[in-house]
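Undergrad: Okay, so here is input11.cif, and as you'll see once you scroll down, it has mmCIF, C-alpha atoms and all ligand atoms.
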data_entry
loop_
_atom_site.label_atom_id
_atom_site.label_comp_id
_atom_site.auth_asym_id
_atom_site.auth_seq_id
_atom_site.Cartn_x
_atom_site.Cartn_y
_atom_site.Cartn_z
CA MET A 1 -14.77 13.98 11.57
CA GLN A 2 -15.39 11.38 8.92
CA ILE A 3 -14.32 7.89 9.97
CA PRO A 4 -13.69 5.76 6.88
CA LYS A 5 -15.92 2.87 7.88
CA GLU A 6 -15.87 1.59 4.34
CA TYR A 7 -14.24 -1.82 4.21
CA PHE A 8 -13.94 -4.70 1.85
CA ASN A 9 -13.45 -8.36 2.64
CA LEU A 10 -9.90 -9.57 2.51
CA THR A 11 -11.05 -13.06 3.42
CA ASN A 12 -14.44 -14.34 4.52
CA ASP A 13 -13.87 -13.08 8.03
CA ILE A 14 -11.30 -10.27 7.72
CA LYS A 15 -12.26 -6.79 6.62
CA ILE A 16 -9.75 -4.17 5.49
CA PRO A 17 -10.55 -0.46 5.69
CA MET A 18 -10.41 0.98 2.18
CA VAL A 19 -8.34 3.98 3.24
CA GLY A 20 -5.08 3.49 5.10
CA PHE A 21 -2.20 5.70 6.14
CA GLY A 22 1.09 5.10 4.29
CA THR A 23 4.39 5.64 6.09
CA TYR A 24 7.09 5.18 3.46
CA LEU A 25 9.88 7.78 3.82
CA ILE A 26 8.65 8.93 7.23
CA GLU A 27 11.50 8.63 9.68
CA ASP A 28 11.10 6.67 12.86
CA LYS A 29 11.46 9.81 14.97
CA ASP A 30 8.60 11.57 13.15
CA VAL A 31 6.23 8.71 12.53
CA LYS A 32 4.81 8.33 16.05
CA PHE A 33 3.22 11.77 15.92
CA LEU A 34 1.93 11.31 12.36
CA VAL A 35 0.42 7.86 12.95
CA HIS A 36 -1.18 9.22 16.10
CA GLN A 37 -2.51 12.15 14.08
CA ALA A 38 -3.83 9.84 11.37
CA ILE A 39 -5.74 7.63 13.82
CA ILE A 40 -7.15 10.67 15.60
CA SER A 41 -8.22 11.94 12.14
CA GLY A 42 -10.13 8.73 11.53
CA TYR A 43 -7.74 6.31 9.82
CA ARG A 44 -8.10 2.73 11.01
CA HIS A 45 -5.52 1.15 8.70
CA ILE A 46 -1.77 1.76 8.91
CA ASP A 47 0.81 0.56 6.36
CA THR A 48 4.47 0.09 7.26
CA ALA A 49 7.32 -2.28 6.38
CA GLU A 50 10.47 -3.77 7.84
CA ALA A 51 12.37 -1.85 5.13
CA TYR A 52 10.95 1.55 6.16
CA GLY A 53 12.88 1.38 9.43
CA ASN A 54 9.99 3.02 11.26
CA GLU A 55 8.01 0.14 12.79
CA ASN A 56 9.06 1.22 16.27
CA GLY A 57 7.57 4.71 15.90
CA VAL A 58 4.51 3.33 14.09
CA GLY A 59 3.85 1.08 17.08
CA LEU A 60 4.22 3.98 19.50
CA GLY A 61 1.82 6.09 17.43
CA ILE A 62 -0.77 3.30 17.35
CA LYS A 63 -0.53 2.82 21.11
CA SER A 64 -0.78 6.50 21.98
CA ALA A 65 -3.81 7.00 19.71
CA MET A 66 -5.52 3.89 21.07
CA ASP A 67 -4.97 5.19 24.61
CA GLU A 68 -6.25 8.65 23.75
CA LEU A 69 -9.35 7.40 21.91
CA GLY A 70 -9.96 4.41 24.17
CA ILE A 71 -10.13 2.04 21.21
CA SER A 72 -9.00 -1.57 21.10
CA ARG A 73 -6.33 -3.20 18.97
CA GLU A 74 -9.05 -4.96 16.95
CA GLU A 75 -10.21 -1.60 15.63
CA ILE A 76 -6.93 -0.88 13.87
CA PHE A 77 -5.77 -2.77 10.80
CA VAL A 78 -1.97 -2.97 10.67
CA THR A 79 0.07 -4.10 7.67
CA THR A 80 3.79 -4.70 7.63
CA LYS A 81 6.06 -6.30 5.05
CA LEU A 82 8.83 -8.85 5.01
CA TRP A 83 11.98 -7.54 3.35
CA PRO A 84 12.92 -10.55 1.19
CA GLY A 85 16.60 -9.67 0.76
CA ASN A 86 18.08 -8.98 -2.62
CA GLU A 87 21.30 -10.47 -3.87
CA ALA A 88 21.52 -7.76 -6.54
CA TRP A 89 21.98 -5.30 -3.68
CA GLY A 90 24.39 -7.53 -1.77
CA GLN A 91 21.76 -8.76 0.67
CA ALA A 92 21.30 -12.37 1.71
CA PRO A 93 17.89 -13.67 0.64
CA LYS A 94 15.69 -14.55 3.60
CA THR A 95 15.09 -18.25 4.16
CA PHE A 96 12.02 -19.88 5.72
CA GLU A 97 13.59 -19.52 9.19
CA SER A 98 14.84 -15.97 8.78
CA SER A 99 11.44 -14.93 7.43
CA ILE A 100 9.77 -16.29 10.58
CA LYS A 101 12.31 -14.38 12.68
CA ALA A 102 11.78 -11.20 10.70
CA LEU A 103 8.10 -11.18 11.65
CA GLN A 104 9.03 -11.70 15.30
CA ARG A 105 11.30 -8.65 15.03
CA SER A 106 8.59 -6.60 13.35
CA LEU A 107 6.07 -7.54 16.06
CA SER A 108 8.57 -6.62 18.73
CA ASN A 109 9.29 -3.26 17.05
CA LEU A 110 5.59 -2.59 16.63
CA LYS A 111 4.88 -3.81 20.18
CA LEU A 112 1.99 -5.90 18.84
CA ASP A 113 1.01 -9.54 19.27
CA TYR A 114 -0.08 -9.90 15.66
CA VAL A 115 -0.42 -7.93 12.45
CA ASP A 116 -3.54 -7.96 10.33
CA LEU A 117 -1.71 -8.33 7.04
CA TYR A 118 1.83 -9.47 6.33
CA LEU A 119 3.18 -9.02 2.81
CA ILE A 120 6.31 -10.10 0.97
CA HIS A 121 7.55 -6.67 -0.09
CA ALA A 122 8.82 -7.63 -3.54
CA PRO A 123 9.17 -10.77 -5.67
CA PHE A 124 12.84 -11.46 -5.22
CA PRO A 125 14.92 -13.48 -4.79
CA GLN A 126 13.68 -16.10 -7.20
CA LYS A 127 15.19 -19.10 -5.38
CA GLN A 128 13.72 -18.25 -1.99
CA ARG A 129 10.34 -16.80 -3.01
CA ILE A 130 8.41 -19.98 -2.31
CA GLU A 131 10.26 -20.61 0.98
CA GLN A 132 9.34 -17.09 2.08
CA TRP A 133 5.73 -17.66 1.09
CA LYS A 134 5.70 -20.93 3.06
CA ALA A 135 6.90 -18.93 6.08
CA LEU A 136 3.98 -16.53 5.72
CA VAL A 137 1.56 -19.44 5.47
CA GLU A 138 3.07 -20.87 8.67
CA LEU A 139 2.84 -17.51 10.47
CA GLN A 140 -0.82 -17.28 9.51
CA ARG A 141 -1.35 -20.81 10.82
CA GLN A 142 0.24 -19.74 14.11
CA GLY A 143 -2.11 -16.74 14.33
CA LYS A 144 0.72 -14.19 14.30
CA VAL A 145 -0.63 -12.65 11.12
CA ARG A 146 -4.30 -12.65 10.23
CA ALA A 147 -3.97 -12.38 6.47
CA ILE A 148 -1.02 -12.83 4.11
CA GLY A 149 -0.16 -11.31 0.80
CA VAL A 150 2.45 -10.04 -1.58
CA SER A 151 3.53 -6.75 -3.06
CA ASN A 152 4.82 -5.87 -6.51
CA PHE A 153 4.08 -9.42 -7.70
CA ASN A 154 2.91 -10.00 -11.26
CA GLU A 155 0.79 -12.84 -12.64
CA GLY A 156 3.82 -15.11 -13.12
CA HIS A 157 4.99 -14.72 -9.54
CA ILE A 158 1.53 -15.59 -8.23
CA GLU A 159 1.20 -18.56 -10.57
CA GLU A 160 4.44 -19.91 -9.04
CA ILE A 161 2.65 -20.03 -5.69
CA ARG A 162 -0.27 -21.89 -7.25
CA SER A 163 2.09 -24.34 -8.95
CA ALA A 164 3.76 -25.04 -5.60
CA GLY A 165 0.32 -26.11 -4.30
CA LEU A 166 0.21 -23.33 -1.73
CA PRO A 167 -2.69 -21.04 -0.86
CA LEU A 168 -2.86 -17.91 -3.01
CA PRO A 169 -2.24 -14.49 -1.39
CA ASN A 170 -5.13 -12.61 0.17
CA ALA A 171 -3.82 -9.34 -1.28
CA ASN A 172 -1.30 -7.79 -3.66
CA GLN A 173 -0.08 -4.25 -2.95
CA ILE A 174 0.93 -2.55 -6.20
CA GLU A 175 1.51 0.88 -7.70
CA LEU A 176 -1.80 1.97 -9.22
CA HIS A 177 -3.01 5.37 -10.35
CA PRO A 178 -4.42 6.82 -13.56
CA TRP A 179 -0.96 6.83 -15.17
CA SER A 180 -0.28 3.20 -14.25
CA GLN A 181 -3.51 1.20 -14.35
CA LYS A 182 -2.15 -2.32 -15.04
CA PRO A 183 -5.47 -3.55 -16.47
CA ASN A 184 -4.32 -7.13 -17.12
CA LEU A 185 -2.85 -7.62 -13.66
CA VAL A 186 -5.92 -6.02 -12.03
CA SER A 187 -8.33 -8.30 -13.87
CA TYR A 188 -6.16 -11.36 -13.06
CA LEU A 189 -6.17 -10.44 -9.35
CA LYS A 190 -9.93 -9.85 -9.33
CA LYS A 191 -10.53 -13.16 -11.09
CA ASN A 192 -8.47 -14.92 -8.41
CA ASN A 193 -10.11 -13.12 -5.46
CA ILE A 194 -6.85 -11.41 -4.51
CA SER A 195 -7.62 -8.02 -2.97
CA ILE A 196 -5.82 -5.04 -4.40
CA ILE A 197 -4.09 -2.36 -2.35
CA ALA A 198 -2.98 0.61 -4.43
CA TYR A 199 0.12 2.55 -3.49
CA SER A 200 1.55 5.84 -4.79
CA SER A 201 -1.98 6.91 -5.79
CA LEU A 202 -0.84 10.54 -5.84
CA VAL A 203 1.90 10.18 -8.45
CA PRO A 204 0.00 12.17 -11.08
CA LEU A 205 -0.06 15.25 -8.89
CA SER A 206 3.09 15.08 -6.86
CA SER A 207 6.63 15.81 -7.90
CA TRP A 208 8.30 14.15 -4.95
CA ARG A 209 9.56 11.24 -6.99
CA ASN A 210 10.79 13.50 -9.77
CA VAL A 211 14.17 13.55 -8.14
CA GLU A 212 17.27 11.75 -9.30
CA GLY A 213 17.54 8.40 -7.48
CA GLN A 214 13.90 8.31 -6.36
CA THR A 215 12.41 6.67 -9.42
CA SER A 216 13.21 3.84 -11.74
CA GLY A 217 14.43 6.46 -14.21
CA LYS A 218 11.02 7.15 -15.61
CA THR A 219 10.98 10.78 -14.65
CA ASP A 220 9.35 11.56 -18.00
CA LEU A 221 6.23 9.92 -16.58
CA MET A 222 6.13 12.63 -13.99
CA LYS A 223 6.59 15.59 -16.22
CA ALA A 224 3.26 15.82 -17.93
CA ASP A 225 0.06 17.45 -16.94
CA GLY A 226 -0.32 16.58 -13.27
CA ALA A 227 0.65 19.89 -11.79
CA ASP A 228 -0.51 22.16 -14.60
CA SER A 229 -3.43 24.44 -13.94
CA ASP A 230 -5.46 22.75 -16.66
CA SER A 231 -4.69 19.20 -15.56
CA PRO A 232 -7.72 16.94 -15.98
CA PHE A 233 -7.55 16.13 -12.28
CA LYS A 234 -7.71 19.80 -11.36
CA ILE A 235 -10.71 20.26 -13.60
CA MET A 236 -12.45 17.26 -12.02
CA ALA A 237 -11.50 18.47 -8.53
CA THR A 238 -13.21 21.79 -9.21
CA LYS A 239 -16.26 20.01 -10.63
CA TYR A 240 -16.66 17.81 -7.52
CA GLY A 241 -15.62 20.49 -5.04
CA VAL A 242 -12.69 18.43 -3.70
CA SER A 243 -8.88 18.41 -4.05
CA GLU A 244 -6.94 16.76 -6.85
CA ALA A 245 -5.60 14.26 -4.33
CA GLN A 246 -9.16 13.32 -3.36
CA VAL A 247 -10.02 12.71 -7.03
CA LEU A 248 -7.02 10.39 -7.43
CA LEU A 249 -7.78 8.51 -4.21
CA ARG A 250 -11.50 8.26 -4.99
CA TRP A 251 -10.59 6.82 -8.40
CA GLY A 252 -8.79 4.01 -6.58
CA ILE A 253 -11.77 3.40 -4.31
CA GLN A 254 -14.18 3.29 -7.26
CA LYS A 255 -11.92 0.77 -8.98
CA GLY A 256 -12.30 -1.41 -5.89
CA PHE A 257 -8.80 -0.88 -4.47
CA ALA A 258 -7.78 0.05 -0.94
CA VAL A 259 -5.66 3.23 -0.98
CA ILE A 260 -2.90 4.18 1.48
CA PRO A 261 -1.95 7.84 1.02
CA LYS A 262 1.04 9.15 2.94
CA SER A 263 1.30 12.70 4.16
CA THR A 264 3.25 14.58 6.78
CA THR A 265 0.81 17.49 6.70
CA ARG A 266 -2.05 17.58 9.18
CA GLU A 267 -4.56 19.11 6.80
CA ARG A 268 -3.73 16.65 3.99
CA ILE A 269 -3.89 13.68 6.36
CA GLN A 270 -7.43 14.77 7.23
CA LYS A 271 -8.56 15.52 3.67
CA ASN A 272 -7.11 12.34 2.21
CA ILE A 273 -9.66 10.19 4.05
CA GLU A 274 -12.65 12.29 3.05
CA LEU A 275 -13.47 10.22 0.01
CA PHE A 276 -17.00 9.02 0.55
CA GLY A 277 -19.02 12.20 0.09
CA PHE A 278 -18.68 12.38 -3.70
CA GLU A 279 -18.52 10.10 -6.71
CA ILE A 280 -16.57 10.38 -9.96
CA ASP A 281 -19.15 10.02 -12.72
CA ASP A 282 -18.95 7.40 -15.48
CA ARG A 283 -17.81 9.92 -18.07
CA ASP A 284 -14.85 11.03 -15.99
CA MET A 285 -14.00 7.41 -15.08
CA SER A 286 -13.89 6.65 -18.84
CA GLU A 287 -11.69 9.70 -19.45
CA ILE A 288 -9.29 8.55 -16.74
CA GLU A 289 -9.18 5.07 -18.24
CA LYS A 290 -7.59 6.57 -21.36
CA MET A 291 -4.72 8.09 -19.36
CA ASP A 292 -2.78 4.88 -18.69
CA ARG A 293 0.93 5.27 -19.43
CA GLY A 294 2.12 1.81 -18.46
CA GLU A 295 4.47 0.50 -15.83
CA GLY A 296 4.67 3.26 -13.20
CA VAL A 297 7.50 4.91 -11.33
CA ALA A 298 8.31 2.65 -8.39
CA TRP A 299 9.25 -0.95 -8.90
CA LYS A 300 9.44 -2.39 -12.34
CA SER A 301 7.42 -5.60 -11.87
CA GLY A 302 9.74 -8.19 -10.53
CA ASP A 303 12.92 -6.35 -11.50
CA PRO A 304 15.20 -6.45 -8.47
CA THR A 305 17.48 -3.79 -9.87
CA LYS A 306 14.75 -1.14 -9.64
CA GLU A 307 14.13 0.36 -6.26
CA ALA A 308 10.89 1.74 -4.77
N1 LIG A 401 4.76 -1.96 -1.44
C1 LIG A 401 5.57 -1.09 -1.98
O1 LIG A 401 6.54 -1.42 -2.68
C2 LIG A 401 5.29 0.37 -1.77
C3 LIG A 401 5.95 1.33 -2.56
C4 LIG A 401 5.64 2.67 -2.32
C5 LIG A 401 4.70 3.01 -1.37
N2 LIG A 401 4.09 2.05 -0.60
C6 LIG A 401 3.13 2.39 0.49
O2 LIG A 401 2.14 3.26 -0.06
C7 LIG A 401 2.13 4.48 0.65
C8 LIG A 401 1.72 5.63 -0.27
O3 LIG A 401 2.58 5.72 -1.36
P1 LIG A 401 3.66 6.86 -1.49
O4 LIG A 401 4.13 7.27 -0.14
O5 LIG A 401 4.65 6.33 -2.47
O6 LIG A 401 2.94 8.06 -2.22
P2 LIG A 401 1.55 8.85 -2.12
O7 LIG A 401 0.84 8.59 -0.85
O8 LIG A 401 0.85 8.59 -3.40
O9 LIG A 401 2.09 10.35 -2.15
C9 LIG A 401 2.81 10.89 -1.11
C10 LIG A 401 3.29 12.27 -1.55
O10 LIG A 401 2.17 13.09 -1.86
C11 LIG A 401 2.14 14.22 -0.99
N3 LIG A 401 0.74 14.44 -0.60
C12 LIG A 401 0.00 13.71 0.26
N4 LIG A 401 -1.26 14.17 0.32
C13 LIG A 401 -1.32 15.22 -0.52
C14 LIG A 401 -2.36 16.11 -0.87
N5 LIG A 401 -3.58 15.99 -0.36
N6 LIG A 401 -2.08 17.10 -1.76
C15 LIG A 401 -0.83 17.21 -2.30
N7 LIG A 401 0.19 16.38 -2.01
C16 LIG A 401 -0.05 15.39 -1.13
C17 LIG A 401 3.02 13.90 0.18
O11 LIG A 401 3.64 15.06 0.67
P3 LIG A 401 3.50 15.51 2.21
O12 LIG A 401 4.03 14.37 3.03
O13 LIG A 401 4.35 16.72 2.26
O14 LIG A 401 2.04 15.78 2.44
C18 LIG A 401 4.07 12.98 -0.47
O15 LIG A 401 5.06 13.75 -1.11
C19 LIG A 401 3.55 4.56 1.20
O16 LIG A 401 3.70 5.54 2.20
C20 LIG A 401 3.77 3.15 1.65
O17 LIG A 401 3.11 2.91 2.87
C21 LIG A 401 4.37 0.73 -0.80
#
Please rewrite the model in this file as structure tokens.

TA:
Amino acid sequence: MQIPKEYFNLTNDIKIPMVGFGTYLIEDKDVKFLVHQAIISGYRHIDTAEAYGNENGVGLGIKSAMDELGISREEIFVTTKLWPGNEAWGQAPKTFESSIKALQRSLSNLKLDYVDLYLIHAPFPQKQRIEQWKALVELQRQGKVRAIGVSNFNEGHIEEIRSAGLPLPNANQIELHPWSQKPNLVSYLKKNNISIIAYSSLVPLSSWRNVEGQTSGKTDLMKADGADSDSPFKIMATKYGVSEAQVLLRWGIQKGFAVIPKSTTRERIQKNIELFGFEIDDRDMSEIEKMDRGEGVAWKSGDPTKEA
């Protein structure tokens, strides 16, 4: 078994494993087994969110794997996310107080004393963004979350935090894959020492979002070469003796991102962390760089009317 011991520094004293297990769209009743499976397979980083409705099962999976392997809480990196509320969807925006309470609820669901990383899931609502960020800063001060960050934030949203005189996020979790490379945002984040966590890394090969209601309407993005037999990723996979998914995930790693693939399949869960025995060469990295198609399929940066 290959344990992904590769980490990068989120802050001076907090390391994040570069490969995590994503849990979006896994139901609470199924997630315990899959998180357990992932940790047994070597994952040491689990990604969930208040909005996924599965924190309870995630917590059970973490506990049962820790018991089985005899490992301590410190060995597992857990991320969850504050759902900010969205008036466009008829939801009350969270205030400073309700953001603090939301973390308490998440910890209680997860059955944990702290999480390693707490993110604001998306940059809305505008009026409460800074209050929500202040709540995360306070939770970090209280030691209930080790690191704090944001998700789906663009440069403007992060500059708002700077303008308010508050500490910048430790991380930004964003959709990143060869078809959505966001070069300007990535270089801005790197310049500001904000770690990057890539989600939906497998978009170029999967068709799971190519379903009415699952994307921001950009289904055309999904239709091209990803699943064809002559897809560039298939050709590279053959060349390196790995799967297409491994090529896409390794690309993220080589770009310096953490990746958090989700799978409900035992064999894929295992394969998706085996990313450190090969390297995409410079020529292929340059080829991939030319494949950028823009925004992506999940959130449109900062647009509260587009769903993940
Ligand atoms: N912050 C945000 O707004 C946000 C948004 C989206 C996602 N995320 C996080 O990022 C995680 C990953 O993103 P994601 O779930 O959108 O997509 P993903 O991990 O890129 O792709 C998941 C899809 O790919 C399939 N798959 C997994 N491994 C595969 C393999 N080796 N070969 C072929 N197909 C494979 C899965 O099917 P099976 O399950 O059948 O294997 C599933 O349909 C999420 O679970 C969540 O934790 C965050």

Undergrad: Taking only C-alpha atoms and all ligand atoms into account, name the residue in A:Lys111, A:Arg105, A:Lys255, A:His121 that is nearest to ligand LIG 401 (chain A).

TA: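 Among the listed residues, A:His121 lies closest to ligand LIG 401 (chain A).
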
Undergrad: Select the residues contacting ligand LIG 401 (chain A) at a distance of at most 7 Å, based on only C-alpha atoms and all ligand atoms, then format the selection as a PyMOL selection string.

TA: chain A and resi 21-25+47-48+121-122+151-152+173-175+199-203+205-206+208+243+245-246+260-265+268-269+271-272+298-299+308

Undergrad: Filtering to C-alpha atoms, could you give me those residues as a PDB file, in the frame of the given file?

TA:
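Written file, again.pdb:
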ATOM      1  CA  PHE A  21      -2.200   5.700   6.140  1.00  0.00           C
ATOM      2  CA  GLY A  22       1.090   5.100   4.290  1.00  0.00           C
ATOM      3  CA  THR A  23       4.390   5.640   6.090  1.00  0.00           C
ATOM      4  CA  TYR A  24       7.090   5.180   3.460  1.00  0.00           C
ATOM      5  CA  LEU A  25       9.880   7.780   3.820  1.00  0.00           C
ATOM      6  CA  ASP A  47       0.810   0.560   6.360  1.00  0.00           C
ATOM      7  CA  THR A  48       4.470   0.090   7.260  1.00  0.00           C
ATOM      8  CA  HIS A 121       7.550  -6.670  -0.090  1.00  0.00           C
ATOM      9  CA  ALA A 122       8.820  -7.630  -3.540  1.00  0.00           C
ATOM     10  CA  SER A 151       3.530  -6.750  -3.060  1.00  0.00           C
ATOM     11  CA  ASN A 152       4.820  -5.870  -6.510  1.00  0.00           C
ATOM     12  CA  GLN A 173      -0.080  -4.250  -2.950  1.00  0.00           C
ATOM     13  CA  ILE A 174       0.930  -2.550  -6.200  1.00  0.00           C
ATOM     14  CA  GLU A 175       1.510   0.880  -7.700  1.00  0.00           C
ATOM     15  CA  TYR A 199       0.120   2.550  -3.490  1.00  0.00           C
ATOM     16  CA  SER A 200       1.550   5.840  -4.790  1.00  0.00           C
ATOM     17  CA  SER A 201      -1.980   6.910  -5.790  1.00  0.00           C
ATOM     18  CA  LEU A 202      -0.840  10.540  -5.840  1.00  0.00           C
ATOM     19  CA  VAL A 203       1.900  10.180  -8.450  1.00  0.00           C
ATOM     20  CA  LEU A 205      -0.060  15.250  -8.890  1.00  0.00           C
ATOM     21  CA  SER A 206       3.090  15.080  -6.860  1.00  0.00           C
ATOM     22  CA  TRP A 208       8.300  14.150  -4.950  1.00  0.00           C
ATOM     23  CA  SER A 243      -8.880  18.410  -4.050  1.00  0.00           C
ATOM     24  CA  ALA A 245      -5.600  14.260  -4.330  1.00  0.00           C
ATOM     25  CA  GLN A 246      -9.160  13.320  -3.360  1.00  0.00           C
ATOM     26  CA  ILE A 260      -2.900   4.180   1.480  1.00  0.00           C
ATOM     27  CA  PRO A 261      -1.950   7.840   1.020  1.00  0.00           C
ATOM     28  CA  LYS A 262       1.040   9.150   2.940  1.00  0.00           C
ATOM     29  CA  SER A 263       1.300  12.700   4.160  1.00  0.00           C
ATOM     30  CA  THR A 264       3.250  14.580   6.780  1.00  0.00           C
ATOM     31  CA  THR A 265       0.810  17.490   6.700  1.00  0.00           C
ATOM     32  CA  ARG A 268      -3.730  16.650   3.990  1.00  0.00           C
ATOM     33  CA  ILE A 269      -3.890  13.680   6.360  1.00  0.00           C
ATOM     34  CA  LYS A 271      -8.560  15.520   3.670  1.00  0.00           C
ATOM     35  CA  ASN A 272      -7.110  12.340   2.210  1.00  0.00           C
ATOM     36  CA  ALA A 298       8.310   2.650  -8.390  1.00  0.00           C
ATOM     37  CA  TRP A 299       9.250  -0.950  -8.900  1.00  0.00           C
ATOM     38  CA  ALA A 308      10.890   1.740  -4.770  1.00  0.00           C
TER      39      ALA A 308
END

Undergrad: Which residue is closest to Ala258 (chain A)? Choose from A:Thr80, A:Glu155, A:Leu176, A:Pro125 and count only C-alpha atoms.

TA: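 Closest residue, counting only C-alpha atoms: A:Leu176.
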
Undergrad: For Leu69 (chain A), which of A:Ala49, A:Leu249, A:Ile40, A:Ala147 is the closest residue, counting only C-alpha atoms?

TA: A:Ile40

Undergrad: Determine, for each residue of region 98-135 of chain A having at least one atom at most 12 Å from an atom of region 50-65 of chain A, the closest pair of atoms and their separation in Å to one decimal, counting only C-alpha atoms; order by chain and ascending number, as JSON lines.

TA:
{"residue": "A:Ser99", "atom": "CA", "partner": "A:Glu50", "partner_atom": "CA", "distance": 11.2}
{"residue": "A:Lys101", "atom": "CA", "partner": "A:Glu50", "partner_atom": "CA", "distance": 11.8}
{"residue": "A:Ala102", "atom": "CA", "partner": "A:Glu50", "partner_atom": "CA", "distance": 8.1}
{"residue": "A:Leu103", "atom": "CA", "partner": "A:Glu50", "partner_atom": "CA", "distance": 8.7}
{"residue": "A:Gln104", "atom": "CA", "partner": "A:Glu50", "partner_atom": "CA", "distance": 11.0}
{"residue": "A:Arg105", "atom": "CA", "partner": "A:Glu50", "partner_atom": "CA", "distance": 8.7}
{"residue": "A:Ser106", "atom": "CA", "partner": "A:Glu50", "partner_atom": "CA", "distance": 6.5}
{"residue": "A:Leu107", "atom": "CA", "partner": "A:Glu55", "partner_atom": "CA", "distance": 8.6}
{"residue": "A:Ser108", "atom": "CA", "partner": "A:Asn56", "partner_atom": "CA", "distance": 8.2}
{"residue": "A:Asn109", "atom": "CA", "partner": "A:Asn56", "partner_atom": "CA", "distance": 4.6}
{"residue": "A:Leu110", "atom": "CA", "partner": "A:Gly59", "partner_atom": "CA", "distance": 4.1}
{"residue": "A:Lys111", "atom": "CA", "partner": "A:Gly59", "partner_atom": "CA", "distance": 5.9}
{"residue": "A:Leu112", "atom": "CA", "partner": "A:Gly59", "partner_atom": "CA", "distance": 7.4}
{"residue": "A:Asp113", "atom": "CA", "partner": "A:Gly59", "partner_atom": "CA", "distance": 11.2}
{"residue": "A:Tyr114", "atom": "CA", "partner": "A:Gly59", "partner_atom": "CA", "distance": 11.7}
{"residue": "A:Val115", "atom": "CA", "partner": "A:Gly59", "partner_atom": "CA", "distance": 11.0}
{"residue": "A:Tyr118", "atom": "CA", "partner": "A:Glu50", "partner_atom": "CA", "distance": 10.5}
{"residue": "A:Leu119", "atom": "CA", "partner": "A:Glu50", "partner_atom": "CA", "distance": 10.3}
{"residue": "A:Ile120", "atom": "CA", "partner": "A:Glu50", "partner_atom": "CA", "distance": 10.2}
{"residue": "A:His121", "atom": "CA", "partner": "A:Ala51", "partner_atom": "CA", "distance": 8.6}
{"residue": "A:Ala122", "atom": "CA", "partner": "A:Ala51", "partner_atom": "CA", "distance": 11.0}

Undergrad: Have a look at CA of Phe276 (chain A) and CA of Phe153 (chain A) and let me know their distance in Å, one decimal.

TA: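 The value is 29.2 Å.
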
Undergrad: Applying 12 Å and only C-alpha atoms, which residues near Gly20 (chain A) remain after dropping the ones on its own chain fewer than 4 positions away? List them as a PyMOL selection string.

TA: chain A and resi 3-7+16+35+38-39+41-48+76-79+197-199+201+249+253+257-263+269-270+272-275

Undergrad: Please compute the CA of Val137 (chain A)-CA of Asn184 (chain A) distance, one decimal, in Å.

TA: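 Value for the CA of Val137 (chain A)-CA of Asn184 (chain A) distance: 26.4 Å.
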
Undergrad: Quick check, in Å to one decimal: how far apart do CA of Lys239 (chain A) and CA of His177 (chain A) lie?

TA: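 These two atoms are separated by 19.7 Å.
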
Undergrad: Give the answer as one residue: which of A:Phe33, A:Trp83, A:Trp251, A:Trp89 has the shortest atom-to-atom distance to Glu289 (chain A), using only C-alpha atoms?

TA: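 Distance minimum relative to Glu289 (chain A) lands on A:Trp251.
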
Undergrad: Restricting the calculation to all atoms listed in the file, which member of A:Glu97, A:Lys144, A:Glu160, A:Val150 is positioned closest to Lys127 (chain A)?

TA: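 Of A:Glu97, A:Lys144, A:Glu160, A:Val150, the one nearest Lys127 (chain A) is A:Glu160, counting all atoms listed in the file.
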